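What follows is the content of run_2.tsv, which has TSV, C-alpha atoms:
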```tsv
chain	number	residue	atom	x	y	z
Z	247	MET	CA	37.99	42.84	170.40
Z	248	ASN	CA	34.68	41.08	169.98
Z	249	PRO	CA	32.81	42.60	166.99
Z	250	ASN	CA	29.48	41.56	168.57
Z	251	ASN	CA	30.15	43.40	171.81
Z	252	HIS	CA	29.59	47.13	171.35
Z	253	ASP	CA	31.02	47.88	174.82
Z	254	ASP	CA	34.37	46.87	173.35
Z	255	ILE	CA	34.47	49.67	170.76
Z	256	ASP	CA	37.99	51.00	170.32
Z	257	ARG	CA	37.63	54.68	171.19
Z	258	SER	CA	40.74	55.59	169.16
Z	259	GLU	CA	38.79	54.79	165.99
Z	260	LYS	CA	36.44	57.66	166.80
Z	261	THR	CA	38.85	60.18	168.30
Z	262	ASP	CA	42.41	60.95	167.36
Z	263	PRO	CA	44.74	59.87	170.20
Z	264	TYR	CA	46.44	63.27	170.18
Z	265	GLU	CA	43.07	65.01	170.47
Z	266	GLN	CA	42.37	62.78	173.48
Z	267	ILE	CA	45.63	63.97	175.05
Z	268	LEU	CA	44.91	67.59	174.11
Z	269	PHE	CA	41.36	67.60	175.53
Z	270	GLU	CA	41.94	65.48	178.66
Z	271	GLY	CA	40.91	67.18	181.89
Z	272	TYR	CA	39.27	70.18	180.23
Z	273	THR	CA	35.63	71.26	180.44
Z	274	ASP	CA	33.41	71.34	177.36
Z	275	ALA	CA	33.84	75.13	177.16
Z	276	GLU	CA	37.63	74.81	177.35
Z	277	ILE	CA	37.61	72.09	174.68
Z	278	ALA	CA	35.57	74.39	172.46
Z	279	GLU	CA	38.21	77.10	173.00
Z	280	ILE	CA	41.01	74.63	172.21
Z	281	LYS	CA	39.24	73.62	168.99
Z	282	SER	CA	38.84	77.28	168.03
Z	283	LEU	CA	42.52	78.01	168.69
Z	284	MET	CA	43.52	74.89	166.72
Z	285	GLU	CA	42.05	76.50	163.60
Z	286	LYS	CA	44.95	78.99	163.69
Z	287	TRP	CA	47.56	76.21	163.50
Z	288	ASP	CA	49.17	74.32	160.64
Z	289	LYS	CA	50.05	70.65	160.99
Z	290	ALA	CA	53.40	71.33	159.26
Z	291	THR	CA	55.31	68.03	159.15
Z	292	TYR	CA	52.99	66.21	161.57
Z	293	PRO	CA	50.15	63.84	160.62
Z	294	ASN	CA	47.62	66.29	162.10
Z	295	ILE	CA	47.31	69.55	164.03
Z	296	ALA	CA	46.64	67.92	167.42
Z	297	ASN	CA	49.85	65.88	167.10
Z	298	SER	CA	51.81	69.04	166.25
Z	299	ILE	CA	50.41	71.00	169.20
Z	300	VAL	CA	50.97	68.21	171.73
Z	301	ASP	CA	54.56	67.67	170.57
Z	302	HIS	CA	55.47	71.37	170.48
Z	303	ALA	CA	53.78	72.11	173.82
Z	304	ASP	CA	55.56	69.17	175.44
Z	305	ARG	CA	58.95	70.23	174.03
Z	306	HIS	CA	58.45	73.81	175.22
Z	307	GLY	CA	57.47	72.97	178.80
Z	308	PHE	CA	53.68	73.04	178.58
Z	309	THR	CA	52.98	69.31	179.03
Z	310	GLY	CA	49.43	68.87	180.28
Z	311	ASN	CA	48.73	72.60	180.00
Z	312	TYR	CA	47.80	72.73	176.33
Z	313	LEU	CA	45.17	75.44	176.64
Z	314	LYS	CA	47.73	77.79	178.22
Z	315	TYR	CA	50.17	76.97	175.39
Z	316	LEU	CA	47.56	77.68	172.72
Z	317	ARG	CA	46.50	80.93	174.41
Z	318	LYS	CA	50.10	82.16	174.70
Z	319	ALA	CA	50.78	81.36	171.04
Z	320	ASN	CA	47.56	83.08	169.99
Z	321	ASN	CA	48.35	86.16	172.08
Z	322	PHE	CA	51.93	86.56	170.83
Z	323	ASN	CA	52.32	90.26	169.99
Z	324	LYS	CA	54.32	90.70	166.76
Z	325	LYS	CA	54.59	94.47	167.23
Z	326	GLY	CA	58.25	95.20	167.84
Z	327	ALA	CA	59.25	91.56	167.23
Z	328	ARG	CA	62.21	90.62	165.02
Z	329	LYS	CA	61.10	88.75	161.90
Z	330	LYS	CA	63.30	86.22	160.10
Z	331	LEU	CA	62.51	84.21	156.96
Z	332	LEU	CA	63.39	80.54	157.44
Z	333	PRO	CA	64.64	78.24	154.65
Z	334	ASN	CA	61.29	76.36	154.61
Z	335	GLY	CA	59.38	79.56	153.82
Z	336	ALA	CA	58.12	80.06	157.35
Z	337	PHE	CA	58.71	83.18	159.42
Z	338	ARG	CA	60.15	83.15	162.92
Z	339	TRP	CA	59.17	86.04	165.16
Z	340	ASN	CA	61.31	86.76	168.25
Z	341	LYS	CA	60.35	89.10	171.04
Z	342	GLY	CA	61.89	89.00	174.50
Z	343	ILE	CA	62.04	85.37	175.54
Z	344	GLU	CA	59.20	84.30	173.22
Z	345	PHE	CA	59.15	83.13	169.64
Z	346	LEU	CA	56.44	82.23	167.16
Z	347	ILE	CA	56.88	80.38	163.87
Z	348	GLU	CA	54.25	80.84	161.15
Z	349	ARG	CA	53.78	79.83	157.55
Z	350	ASP	CA	50.99	81.17	155.35
Z	351	GLY	CA	49.41	82.91	158.35
Z	352	LYS	CA	49.12	79.70	160.39
Z	353	ILE	CA	51.08	78.93	163.57
Z	354	ILE	CA	53.62	76.11	163.38
Z	355	SER	CA	55.25	76.53	166.78
Z	356	TYR	CA	55.50	78.75	169.81
Z	357	GLY	CA	58.00	78.71	172.62
Z	358	GLU	CA	60.03	80.58	175.19
Z	359	ASN	CA	63.83	80.70	174.99
```
Take the structure I supplied and represent it as structure tokens, if you would.
Amino acid sequence: MNPNNHDDIDRSEKTDPYEQILFEGYTDAEIAEIKSLMEKWDKATYPNIANSIVDHADRHGFTGNYLKYLRKANNFNKKGARKKLLPNGAFRWNKGIEFLIERDGKIISYGEN
């Protein structure tokens, strides 16, 4: 990288690489929705929230469809769900084929069994 050439600026210095993955292909309005939904998440053991969401979404079959993953997690209905306290202090909610894991009111993971 040539420090005198501003066209060479490493974009990863300005934007987290996981945010780049998370936002890729979405409109500005959808990115704003993603950012809003991200506020309901906890980074848990990950370096940041975007990294956590990308990894969990990928592991649960939502690769490239992160907005859908975030919406489904946000819309999880706890009414009638089974609640279990996990050893790390988080709660796992199970309902039908879906589950949601939360700690301190923030989402850690969502998935479908």
Can you list, as a list in words, every protein, DNA or RNA residue that comes within 8 Å of segment 270-285 of chain Z when you count all atoms listed in the file, leaving out same-chain residues fewer than 6 positions away?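 Here the answer would be Ile295, Ala296, Leu313, Leu316, Arg317 and Asn320 of chain Z.
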Nearest to Asp288 of chain Z: which of Z:Ala303, Z:Ala319, Z:Ile354, Z:Leu346 is it, counting only C-alpha atoms?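 Nearest candidate to Asp288 of chain Z out of Z:Ala303, Z:Ala319, Z:Ile354, Z:Leu346: Z:Ile354.
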Which value, in Å to one decimal, gives the distance between atom CA of Arg328 of chain Z and atom CA of Ile343 of chain Z?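 Taking atom CA of Arg328 of chain Z as the start and atom CA of Ile343 of chain Z as the end point, the length is 11.8 Å.
With all atoms listed in the file as the atoms that count, the minimum distance from Asp262 of chain Z to the choices Z:Asn321, Z:Asn297, Z:Thr291, Z:Asn359 is reached by Z:Asn297.
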Do you have the atom CA of Arg305 of chain Z-atom CA of Leu268 of chain Z distance handy?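 Interatomic distance, atom CA of Arg305 of chain Z to atom CA of Leu268 of chain Z: 14.3 Å.
Relative to atom CA of Lys341 of chain Z, atom CA of Gly326 of chain Z is found at 7.2 Å.
When only C-alpha atoms are used to compute distances to Ile347 of chain Z, the closest of the residues Z:Tyr315, Z:Trp287, Z:Phe308, Z:Tyr292 turns out to be Z:Trp287.
Comparing Z:Lys330, Z:Lys286, Z:Arg349, Z:Arg338 by their smallest distance to Ile299 of chain Z, the closest is Z:Lys286 (using all atoms listed in the file).
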Which residue is closest to His302 of chain Z? Choose from Z:Gly357, Z:Pro333, Z:Gln266, Z:Lys324 and count only C-alpha atoms.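 So, comparing all the options, the nearest one is Z:Gly357.
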